[in-house]
$ cat upload_26.txt   # compact mmCIF, C-alpha atoms and all ligand atoms
# COMPACT_ATOMS: atom_id res chain seq x y z
CA MET A 1058 117.28 103.42 102.83
CA SER A 1059 117.74 104.93 99.41
CA HIS A 1060 117.25 102.70 96.40
CA ASP A 1061 116.38 103.15 92.77
CA ALA A 1062 115.56 99.59 91.71
CA PRO A 1063 112.36 98.95 89.77
CA ALA A 1064 109.20 97.96 91.59
CA GLY A 1065 108.65 94.33 92.58
CA ARG A 1066 107.69 91.95 89.79
CA SER A 1067 104.08 90.85 89.42
CA ARG A 1068 102.58 87.48 88.62
CA GLU A 1069 99.04 86.53 87.76
CA SER A 1070 97.11 84.64 90.42
CA SER A 1071 93.76 83.05 89.62
CA SER A 1072 91.80 86.22 90.36
CA MET A 1073 94.24 89.11 90.42
CA SER A 1074 97.79 90.23 89.90
CA VAL A 1075 99.72 89.95 93.16
CA GLU A 1076 102.99 91.83 93.47
CA GLN A 1077 106.07 89.71 94.17
CA PRO A 1078 108.81 91.28 96.30
CA SER A 1079 112.06 92.11 94.51
CA ASP A 1080 115.48 90.88 95.69
CA GLU A 1081 116.04 94.35 97.10
CA VAL A 1082 112.95 94.02 99.26
CA ARG A 1083 114.10 90.58 100.49
CA GLU A 1084 117.43 92.16 101.41
CA LEU A 1085 115.71 95.04 103.21
CA PHE A 1086 113.74 92.63 105.41
CA GLY A 1087 116.63 90.20 105.95
CA VAL A 1088 115.77 87.62 108.64
CA ALA A 1089 112.31 89.21 109.01
CA PHE A 1090 111.44 88.40 105.38
CA ALA A 1091 109.68 85.10 106.13
CA GLY A 1092 107.38 86.89 108.61
CA ALA A 1093 106.71 89.72 106.16
CA GLU A 1094 105.92 87.18 103.44
CA ARG A 1095 103.45 85.36 105.70
CA PHE A 1096 101.84 88.72 106.59
CA ALA A 1097 101.46 89.46 102.85
CA GLU A 1098 99.95 85.99 102.28
CA MET A 1099 97.41 86.59 105.06
CA LEU A 1100 96.47 89.96 103.56
CA VAL A 1101 96.03 88.39 100.12
CA SER A 1102 94.03 85.39 101.34
CA GLU A 1103 91.90 87.05 104.06
CA GLY A 1104 92.50 90.80 104.03
CA GLU A 1105 90.01 91.63 101.31
CA LEU A 1106 87.31 89.32 102.71
CA ARG A 1107 87.75 90.84 106.16
CA GLY A 1108 87.56 94.37 104.75
CA LEU A 1109 91.17 95.32 105.54
CA VAL A 1110 92.55 95.92 102.06
CA GLY A 1111 90.71 96.82 98.90
CA PRO A 1112 91.19 94.62 95.79
CA ARG A 1113 92.95 97.50 94.05
CA GLU A 1114 95.60 97.57 96.81
CA LEU A 1115 96.75 93.97 96.29
CA PRO A 1116 98.83 94.55 93.13
CA ARG A 1117 100.98 97.00 95.11
CA LEU A 1118 100.74 95.38 98.54
CA TRP A 1119 104.51 95.19 99.04
CA SER A 1120 105.61 98.54 97.68
CA ARG A 1121 102.70 100.70 98.75
CA HIS A 1122 102.06 99.17 102.17
CA ILE A 1123 104.67 96.74 103.53
CA VAL A 1124 107.81 98.44 102.20
CA ASN A 1125 106.34 101.90 102.72
CA SER A 1126 105.77 101.01 106.39
CA ALA A 1127 109.45 100.04 106.71
CA ALA A 1128 110.43 103.64 105.85
CA VAL A 1129 109.81 104.62 109.47
CA VAL A 1130 112.21 102.00 110.89
CA PRO A 1131 115.51 103.96 110.57
CA PHE A 1132 114.05 106.68 112.85
CA LEU A 1133 112.93 104.41 115.69
CA PRO A 1134 114.72 104.65 119.04
CA ALA A 1135 117.61 102.34 119.93
CA ARG A 1136 115.49 100.76 122.65
CA GLY A 1137 112.17 101.11 124.45
CA THR A 1138 108.49 101.18 123.59
CA VAL A 1139 106.58 102.11 120.46
CA ALA A 1140 102.87 102.75 120.03
CA ASP A 1141 101.40 102.53 116.54
CA VAL A 1142 98.19 104.56 116.56
CA GLY A 1143 95.44 103.45 114.16
CA SER A 1144 97.25 100.32 112.93
CA GLY A 1145 94.33 99.17 110.76
CA ALA A 1146 95.54 96.15 108.79
CA GLY A 1147 98.94 96.43 110.55
CA PHE A 1148 100.72 99.36 108.91
CA PRO A 1149 103.25 100.28 110.04
CA GLY A 1150 102.95 98.47 113.42
CA ILE A 1151 103.28 94.85 112.28
CA VAL A 1152 106.19 95.73 109.98
CA ILE A 1153 107.94 97.53 112.86
CA ALA A 1154 107.44 94.53 115.15
CA LEU A 1155 108.95 92.23 112.50
CA LEU A 1156 111.96 94.43 111.79
CA ARG A 1157 112.63 95.45 115.39
CA PRO A 1158 111.88 92.42 117.61
CA ASP A 1159 113.87 94.16 120.38
CA LEU A 1160 111.23 96.92 120.74
CA GLU A 1161 107.92 96.52 122.63
CA VAL A 1162 105.24 97.50 120.14
CA SER A 1163 101.68 98.43 121.15
CA LEU A 1164 99.12 98.51 118.36
CA ILE A 1165 96.37 100.95 119.31
CA GLU A 1166 93.28 100.51 117.17
CA THR A 1167 89.72 101.50 117.84
CA MET A 1168 87.79 99.21 115.46
CA GLU A 1169 86.92 95.77 116.85
CA ARG A 1170 87.16 94.02 113.47
CA ARG A 1171 90.67 95.38 112.91
CA VAL A 1172 91.73 94.51 116.46
CA ALA A 1173 90.64 90.89 115.84
CA TRP A 1174 92.68 90.85 112.63
CA LEU A 1175 95.78 92.25 114.38
CA GLN A 1176 95.45 89.58 117.08
CA ASP A 1177 95.29 86.86 114.42
CA VAL A 1178 98.35 88.27 112.64
CA ALA A 1179 100.40 88.57 115.85
CA LEU A 1180 99.54 84.98 116.76
CA GLU A 1181 100.27 83.59 113.30
CA LEU A 1182 103.60 85.44 113.03
CA ASP A 1183 104.50 84.54 116.63
CA LEU A 1184 105.16 88.20 117.48
CA ASP A 1185 105.81 88.14 121.20
CA ASN A 1186 106.90 91.81 121.23
CA VAL A 1187 103.39 93.00 120.27
CA THR A 1188 100.50 94.11 122.50
CA ILE A 1189 97.18 94.95 120.90
CA ARG A 1190 94.87 97.44 122.55
CA ARG A 1191 91.35 98.23 121.48
CA ALA A 1192 91.24 101.93 122.32
CA ARG A 1193 91.33 105.39 120.90
CA ALA A 1194 94.77 106.94 121.31
CA GLU A 1195 93.12 109.68 123.38
CA GLU A 1196 92.12 107.09 126.02
CA VAL A 1197 95.63 105.68 126.48
CA ARG A 1198 97.44 106.75 129.64
CA ASP A 1199 100.88 105.16 129.10
CA ARG A 1200 103.80 107.00 127.57
CA PHE A 1201 106.05 105.72 124.79
CA ASP A 1202 109.52 106.35 123.38
CA ALA A 1203 108.02 106.61 119.90
CA VAL A 1204 104.52 106.87 118.46
CA THR A 1205 103.97 106.01 114.80
CA ALA A 1206 100.98 106.69 112.57
CA ARG A 1207 100.13 106.28 108.91
CA ALA A 1208 96.96 107.52 107.21
CA VAL A 1209 95.21 108.22 110.51
CA ALA A 1210 94.80 112.01 110.62
CA ASN A 1211 96.49 115.21 109.52
CA LEU A 1212 99.59 116.25 111.47
CA THR A 1213 97.75 118.87 113.55
CA LYS A 1214 95.27 116.28 114.84
CA LEU A 1215 98.00 113.64 115.25
CA VAL A 1216 100.06 115.99 117.42
CA ARG A 1217 96.99 116.77 119.55
CA ILE A 1218 96.20 113.10 120.18
CA THR A 1219 99.74 111.77 120.54
CA ALA A 1220 101.57 114.54 122.49
CA PRO A 1221 100.10 113.27 125.81
CA ILE A 1222 101.52 109.76 125.24
CA LEU A 1223 105.07 110.84 124.28
CA ARG A 1224 107.77 110.37 126.89
CA ARG A 1225 110.43 113.04 127.40
CA GLY A 1226 112.88 112.60 124.53
CA GLY A 1227 110.28 110.51 122.65
CA CYS A 1228 109.01 111.29 119.17
CA LEU A 1229 105.99 111.10 116.92
CA LEU A 1230 106.92 109.55 113.55
CA ALA A 1231 104.17 110.19 111.00
CA LEU A 1232 104.39 108.57 107.57
CA LYS A 1233 103.26 111.24 105.14
CA GLY A 1234 103.36 111.69 101.40
CA ALA A 1235 103.48 114.86 99.33
CA LYS A 1236 101.54 116.86 101.93
CA ALA A 1237 104.24 116.58 104.63
CA GLU A 1238 105.51 120.16 104.35
CA VAL A 1239 102.03 121.71 104.17
CA GLU A 1240 100.87 119.69 107.19
CA ALA A 1241 104.02 120.54 109.15
CA GLU A 1242 103.48 124.23 108.48
CA ALA A 1243 99.81 124.01 109.53
CA ALA A 1244 100.74 122.12 112.72
CA LYS A 1245 103.38 124.67 113.87
CA TYR A 1246 101.14 126.32 116.45
CA VAL A 1247 99.88 123.05 117.96
CA ILE A 1248 103.44 121.69 118.12
CA LYS A 1249 104.63 124.81 119.94
CA LYS A 1250 101.63 124.79 122.29
CA ALA A 1251 102.36 121.15 123.21
CA LYS A 1252 105.99 122.21 123.98
CA LEU A 1253 107.41 119.89 121.32
CA ASP A 1254 110.41 120.58 119.08
CA PRO A 1255 109.70 121.84 115.53
CA ALA A 1256 108.90 119.14 112.97
CA ILE A 1257 111.74 117.56 110.99
CA ILE A 1258 110.87 116.01 107.62
CA HIS A 1259 112.92 112.98 106.56
CA GLU A 1260 112.81 111.97 102.90
CA VAL A 1261 113.07 108.23 102.25
CA VAL A 1262 113.11 106.42 98.91
CA THR A 1263 112.01 102.82 99.31
CA PRO A 1264 112.61 99.98 96.81
CA GLY A 1265 110.09 100.21 94.00
CA GLU A 1266 108.26 103.14 95.55
CA GLU A 1267 108.37 106.84 95.05
CA LEU A 1268 109.55 109.27 97.69
CA THR A 1269 108.07 108.83 101.16
CA LYS A 1270 108.26 111.36 103.95
CA VAL A 1271 108.53 110.69 107.66
CA VAL A 1272 107.63 113.67 109.83
CA GLU A 1273 109.36 113.59 113.22
CA VAL A 1274 108.09 115.69 116.13
CA ARG A 1275 110.05 115.23 119.35
CA ARG A 1276 109.32 116.01 122.98
CA PRO A 1277 112.49 117.60 124.37
CA LYS A 1278 114.37 115.65 127.06
CA ARG A 1279 113.79 118.47 129.59
C1 LIG B 1301 92.77 104.85 107.13
S1 LIG B 1301 93.11 103.66 108.37
C2 LIG B 1301 94.88 103.49 108.22
C3 LIG B 1301 95.34 102.20 108.80
C4 LIG B 1301 96.84 101.95 108.71
N1 LIG B 1301 97.57 102.82 109.60
C5 LIG B 1301 97.35 102.07 107.29
O1 LIG B 1301 98.22 102.90 107.05
O2 LIG B 1301 96.86 101.32 106.42
C6 LIG B 1301 92.96 104.57 109.90
C7 LIG B 1301 92.85 103.67 111.10
O3 LIG B 1301 93.01 104.44 112.28
C8 LIG B 1301 92.03 104.05 113.22
N2 LIG B 1301 91.86 105.23 114.08
C9 LIG B 1301 91.40 106.45 113.72
N3 LIG B 1301 91.46 107.30 114.77
C10 LIG B 1301 91.98 106.62 115.82
C11 LIG B 1301 92.28 106.95 117.16
N4 LIG B 1301 92.05 108.18 117.64
N5 LIG B 1301 92.82 106.01 117.97
C12 LIG B 1301 93.05 104.74 117.48
N6 LIG B 1301 92.77 104.37 116.21
C13 LIG B 1301 92.23 105.29 115.39
C14 LIG B 1301 90.84 103.63 112.39
O4 LIG B 1301 89.98 102.73 113.06
C15 LIG B 1301 91.52 102.96 111.20
O5 LIG B 1301 91.74 101.59 111.41
$ encode --input "upload_26.txt" --output "structure tokens" --more "lines below"
Ligand SMILES: C[S@@+](CC[C@H](N)C(=O)[O-])C[C@H]1O[C@@H](n2cnc3c(N)ncnc32)[C@H](O)[C@@H]1O
Amino acid sequence: MSHDAPAGRSRESSSMSVEQPSDEVRELFGVAFAGAERFAEMLVSEGELRGLVGPRELPRLWSRHIVNSAAVVPFLPARGTVADVGSGAGFPGIVIALLRPDLEVSLIETMERRVAWLQDVALELDLDNVTIRRARAEEVRDRFDAVTARAVANLTKLVRITAPILRRGGCLLALKGAKAEVEAEAAKYVIKKAKLDPAIIHEVVTPGEELTKVVEVRRPKR
């Protein structure tokens, strides 16, 4: 996914400027666009009131959050199960569920208020591939083909809490910004100790957004 189109256009709503998705973003989401648009509408109408997004986030809701979440999608497995740890308002878990309806997606979130929000979103978007669990990742006993996380913890902590829930051949996919390389270097020892393969950093340029980095840490098949 490498694009260099300008960011989505903005229009004035009664109280704030809400970003409108560009044609490139519509193309990126394809048949999932209607669901993504409804998700954005819910975030605009209720997200701020329910304490899920700050007012300053709304003008860049698509590029900074929804489209940024989609950056992880090219690295997901061909089939199987995904756990999104610390989904919060639904990033990247809800976006993954929309773009990959063939994958079973578990949203693991510890805060009750956010869990209630995720349940409302899954119901409204009719996402029957989503399971929502109120838990800390450390309490989960299942294993997954992929574990995703965005803005939850640094890579060292993420590896510690997600290594036990990675299947053989499965991978952690952490959405990171400019600190990806520094965090990968700092996490080297923990990655080795958990018997995982060295981190790979994928660079992704999303429509209307600057460079995003996806750090992949895989559990070897044997
Ligand atoms: C800063 S928010 C980021 C939310 C979302 N991933 C995003 O990118 O907008 C971090 C979220 O992770 C959750 N969280 C933190 N540690 C967790 C853990 N060990 N297990 C599950 N959820 C956790 C918090 O409750 C919070 O909702």
$ residues_near_ligand --input "upload_26.txt" --ligand "ligand LIG 1301 (chain B)" --cutoff "7 Å" --atoms "all atoms listed in the file" --output "tab-separated table (two decimals) with C-alpha atoms, in the coordinates of the input"
chain	number	residue	atom	x	y	z
A	1142	VAL	CA	98.19	104.56	116.56
A	1143	GLY	CA	95.44	103.45	114.16
A	1144	SER	CA	97.25	100.32	112.93
A	1145	GLY	CA	94.33	99.17	110.76
A	1146	ALA	CA	95.54	96.15	108.79
A	1147	GLY	CA	98.94	96.43	110.55
A	1148	PHE	CA	100.72	99.36	108.91
A	1149	PRO	CA	103.25	100.28	110.04
A	1165	ILE	CA	96.37	100.95	119.31
A	1166	GLU	CA	93.28	100.51	117.17
A	1167	THR	CA	89.72	101.50	117.84
A	1168	MET	CA	87.79	99.21	115.46
A	1171	ARG	CA	90.67	95.38	112.91
A	1192	ALA	CA	91.24	101.93	122.32
A	1193	ARG	CA	91.33	105.39	120.90
A	1194	ALA	CA	94.77	106.94	121.31
A	1195	GLU	CA	93.12	109.68	123.38
A	1206	ALA	CA	100.98	106.69	112.57
A	1207	ARG	CA	100.13	106.28	108.91
A	1208	ALA	CA	96.96	107.52	107.21
A	1209	VAL	CA	95.21	108.22	110.51
A	1218	ILE	CA	96.20	113.10	120.18
$ atom_distance --input "upload_26.txt" --atom1 "CA of His1259 (chain A)" --atom2 "CA of Lys1236 (chain A)"
12.9 Å
$ residues_around --input "upload_26.txt" --residues "Val1139 (chain A)" --least-positions-apart "4" --cutoff "12 Å" --atoms "all atoms listed in the file" --output "NGL selection string"
:A and (1129-1130 or 1132-1135 or 1149-1151 or 1153-1154 or 1157-1165 or 1186-1189 or 1199-1206 or 1219 or 1222-1224 or 1227-1230)
$ atom_distance --input "upload_26.txt" --atom1 "CA of Asn1125 (chain A)" --atom2 "CA of Leu1106 (chain A)"
22.8 Å
$ closest_residue --input "upload_26.txt" --among "A:Lys1278, A:Arg1083, A:Lys1214, A:Arg1191" --to "Gly1226 (chain A)" --atoms "all atoms listed in the file"
A:Lys1278
$ atom_distance --input "upload_26.txt" --atom1 "CA of Arg1198 (chain A)" --atom2 "CA of Lys1249 (chain A)"
21.7 Å
$ residues_around --input "upload_26.txt" --residues "Ala1127 (chain A)" --least-positions-apart "5" --cutoff "9 Å" --atoms "all atoms listed in the file" --output "list of chain:residue names"
A:Leu1085, A:Phe1086, A:His1122, A:Pro1149, A:Val1152, A:Ile1153, A:Leu1156, A:Thr1263
$ write_last_selection --input "upload_26.txt" --atoms "C-alpha atoms" --output "PDB file, in the coordinates of the input"
ATOM      1  CA  LEU A1085     115.710  95.040 103.210  1.00  0.00           C
ATOM      2  CA  PHE A1086     113.740  92.630 105.410  1.00  0.00           C
ATOM      3  CA  HIS A1122     102.060  99.170 102.170  1.00  0.00           C
ATOM      4  CA  PRO A1149     103.250 100.280 110.040  1.00  0.00           C
ATOM      5  CA  VAL A1152     106.190  95.730 109.980  1.00  0.00           C
ATOM      6  CA  ILE A1153     107.940  97.530 112.860  1.00  0.00           C
ATOM      7  CA  LEU A1156     111.960  94.430 111.790  1.00  0.00           C
ATOM      8  CA  THR A1263     112.010 102.820  99.310  1.00  0.00           C
TER       9      THR A1263
END
$ closest_residue --input "upload_26.txt" --among "A:Val1239, A:Val1274, A:Ser1126, A:Val1178" --to "Ile1257 (chain A)" --atoms "only C-alpha atoms"
A:Val1274
$ residues_near_point --input "upload_26.txt" --point "(93.1, 92.8, 101.7)" --cutoff "12 Å" --atoms "all atoms listed in the file" --output "count of residues only"
32
$ closest_residue --input "upload_26.txt" --among "A:Pro1131, A:Pro1255, A:Gly1137, A:Pro1078" --to "Arg1276 (chain A)" --atoms "all atoms listed in the file"
A:Pro1255
$ residues_near_point --input "upload_26.txt" --point "(99.8, 117.2, 111.5)" --cutoff "6 Å" --atoms "all atoms listed in the file" --output "ChimeraX atom specification"
/A:1211-1215,1240-1241,1244
$ write_last_selection --input "upload_26.txt" --atoms "C-alpha atoms" --output "short mmCIF file (atom, residue, chain, number, x, y, z; two decimals), in the frame of the given file"
data_model
loop_
_atom_site.label_atom_id
_atom_site.label_comp_id
_atom_site.auth_asym_id
_atom_site.auth_seq_id
_atom_site.Cartn_x
_atom_site.Cartn_y
_atom_site.Cartn_z
CA ASN A 1211 96.49 115.21 109.52
CA LEU A 1212 99.59 116.25 111.47
CA THR A 1213 97.75 118.87 113.55
CA LYS A 1214 95.27 116.28 114.84
CA LEU A 1215 98.00 113.64 115.25
CA GLU A 1240 100.87 119.69 107.19
CA ALA A 1241 104.02 120.54 109.15
CA ALA A 1244 100.74 122.12 112.72
#
$ axis_aligned_box --input "upload_26.txt" --around "region 1107-1111 of chain A" --padding-each-side "5 Å" --output "AutoDock Vina command-line options"
--center_x 90.1 --center_y 93.8 --center_z 102.5 --size_x 15.0 --size_y 16.0 --size_z 17.3
$ closest_residue --input "upload_26.txt" --among "A:Glu1094, A:Asp1141, A:Glu1242, A:Asp1080" --to "Ile1258 (chain A)" --atoms "all atoms listed in the file"
A:Glu1242
$ closest_residue --input "upload_26.txt" --among "A:Leu1253, A:Ala1235, A:Leu1184, A:Val1197" --to "Glu1267 (chain A)" --atoms "only C-alpha atoms"
A:Ala1235
$ decode --input "upload_26.txt" --residues "region 1228-1261 of chain A" --atoms "N, CA and C atoms" --output "tab-separated table (two decimals), in the first residue's frame"
chain	number	residue	atom	x	y	z
A	1228	CYS	N	2.52	-14.37	14.40
A	1228	CYS	CA	3.35	-13.18	14.57
A	1228	CYS	C	2.64	-12.05	15.31
A	1229	LEU	N	3.46	-11.29	16.03
A	1229	LEU	CA	3.02	-10.01	16.60
A	1229	LEU	C	3.21	-8.96	15.51
A	1230	LEU	N	2.19	-8.14	15.28
A	1230	LEU	CA	2.27	-7.03	14.33
A	1230	LEU	C	1.98	-5.75	15.10
A	1231	ALA	N	3.02	-4.99	15.39
A	1231	ALA	CA	2.85	-3.77	16.19
A	1231	ALA	C	2.95	-2.55	15.29
A	1232	LEU	N	1.89	-1.73	15.30
A	1232	LEU	CA	1.91	-0.48	14.53
A	1232	LEU	C	2.74	0.53	15.32
A	1233	LYS	N	3.81	0.98	14.72
A	1233	LYS	CA	4.72	1.90	15.40
A	1233	LYS	C	5.04	3.06	14.48
A	1234	GLY	N	5.43	4.17	15.04
A	1234	GLY	CA	5.82	5.31	14.22
A	1234	GLY	C	7.34	5.39	14.13
A	1235	ALA	N	7.84	6.59	14.35
A	1235	ALA	CA	9.27	6.86	14.17
A	1235	ALA	C	10.16	6.07	15.12
A	1236	LYS	N	9.58	5.58	16.23
A	1236	LYS	CA	10.42	4.91	17.23
A	1236	LYS	C	10.62	3.42	16.94
A	1237	ALA	N	10.13	2.92	15.80
A	1237	ALA	CA	10.15	1.49	15.53
A	1237	ALA	C	11.55	0.88	15.67
A	1238	GLU	N	12.54	1.51	15.05
A	1238	GLU	CA	13.90	0.94	15.07
A	1238	GLU	C	14.48	0.93	16.49
A	1239	VAL	N	14.29	2.03	17.20
A	1239	VAL	CA	14.82	2.14	18.57
A	1239	VAL	C	14.17	1.09	19.46
A	1240	GLU	N	12.84	0.93	19.32
A	1240	GLU	CA	12.13	-0.06	20.15
A	1240	GLU	C	12.54	-1.49	19.78
A	1241	ALA	N	12.76	-1.72	18.48
A	1241	ALA	CA	13.17	-3.06	18.05
A	1241	ALA	C	14.55	-3.40	18.61
A	1242	GLU	N	15.42	-2.42	18.62
A	1242	GLU	CA	16.77	-2.64	19.17
A	1242	GLU	C	16.67	-2.93	20.67
A	1243	ALA	N	15.86	-2.15	21.37
A	1243	ALA	CA	15.73	-2.32	22.83
A	1243	ALA	C	15.07	-3.67	23.17
A	1244	ALA	N	14.26	-4.19	22.27
A	1244	ALA	CA	13.51	-5.42	22.57
A	1244	ALA	C	14.28	-6.69	22.17
A	1245	LYS	N	15.48	-6.52	21.59
A	1245	LYS	CA	16.25	-7.67	21.06
A	1245	LYS	C	16.39	-8.81	22.07
A	1246	TYR	N	16.76	-8.44	23.30
A	1246	TYR	CA	17.01	-9.47	24.31
A	1246	TYR	C	15.73	-10.23	24.68
A	1247	VAL	N	14.64	-9.48	24.86
A	1247	VAL	CA	13.36	-10.11	25.23
A	1247	VAL	C	12.85	-11.00	24.09
A	1248	ILE	N	13.06	-10.56	22.87
A	1248	ILE	CA	12.64	-11.34	21.69
A	1248	ILE	C	13.41	-12.67	21.65
A	1249	LYS	N	14.71	-12.58	21.88
A	1249	LYS	CA	15.56	-13.79	21.87
A	1249	LYS	C	15.17	-14.72	23.02
A	1250	LYS	N	14.95	-14.14	24.19
A	1250	LYS	CA	14.61	-14.93	25.38
A	1250	LYS	C	13.28	-15.67	25.18
A	1251	ALA	N	12.35	-15.04	24.44
A	1251	ALA	CA	11.04	-15.66	24.19
A	1251	ALA	C	11.11	-16.64	23.00
A	1252	LYS	N	12.33	-16.83	22.46
A	1252	LYS	CA	12.57	-17.74	21.32
A	1252	LYS	C	11.78	-17.34	20.08
A	1253	LEU	N	11.71	-16.04	19.84
A	1253	LEU	CA	11.04	-15.52	18.65
A	1253	LEU	C	12.10	-15.09	17.63
A	1254	ASP	N	11.70	-15.01	16.37
A	1254	ASP	CA	12.62	-14.54	15.32
A	1254	ASP	C	12.88	-13.05	15.49
A	1255	PRO	N	14.04	-12.56	15.03
A	1255	PRO	CA	14.32	-11.12	15.13
A	1255	PRO	C	13.24	-10.27	14.46
A	1256	ALA	N	13.05	-9.08	14.98
A	1256	ALA	CA	12.01	-8.18	14.45
A	1256	ALA	C	12.30	-7.76	13.02
A	1257	ILE	N	11.23	-7.69	12.22
A	1257	ILE	CA	11.32	-7.15	10.86
A	1257	ILE	C	10.48	-5.87	10.86
A	1258	ILE	N	11.02	-4.81	10.28
A	1258	ILE	CA	10.25	-3.55	10.24
A	1258	ILE	C	9.76	-3.29	8.81
A	1259	HIS	N	8.45	-3.24	8.64
A	1259	HIS	CA	7.86	-2.95	7.34
A	1259	HIS	C	7.48	-1.47	7.30
A	1260	GLU	N	7.86	-0.81	6.21
A	1260	GLU	CA	7.49	0.60	6.05
A	1260	GLU	C	6.28	0.69	5.12
A	1261	VAL	N	5.25	1.39	5.56
A	1261	VAL	CA	4.02	1.51	4.77
A	1261	VAL	C	3.65	2.98	4.65
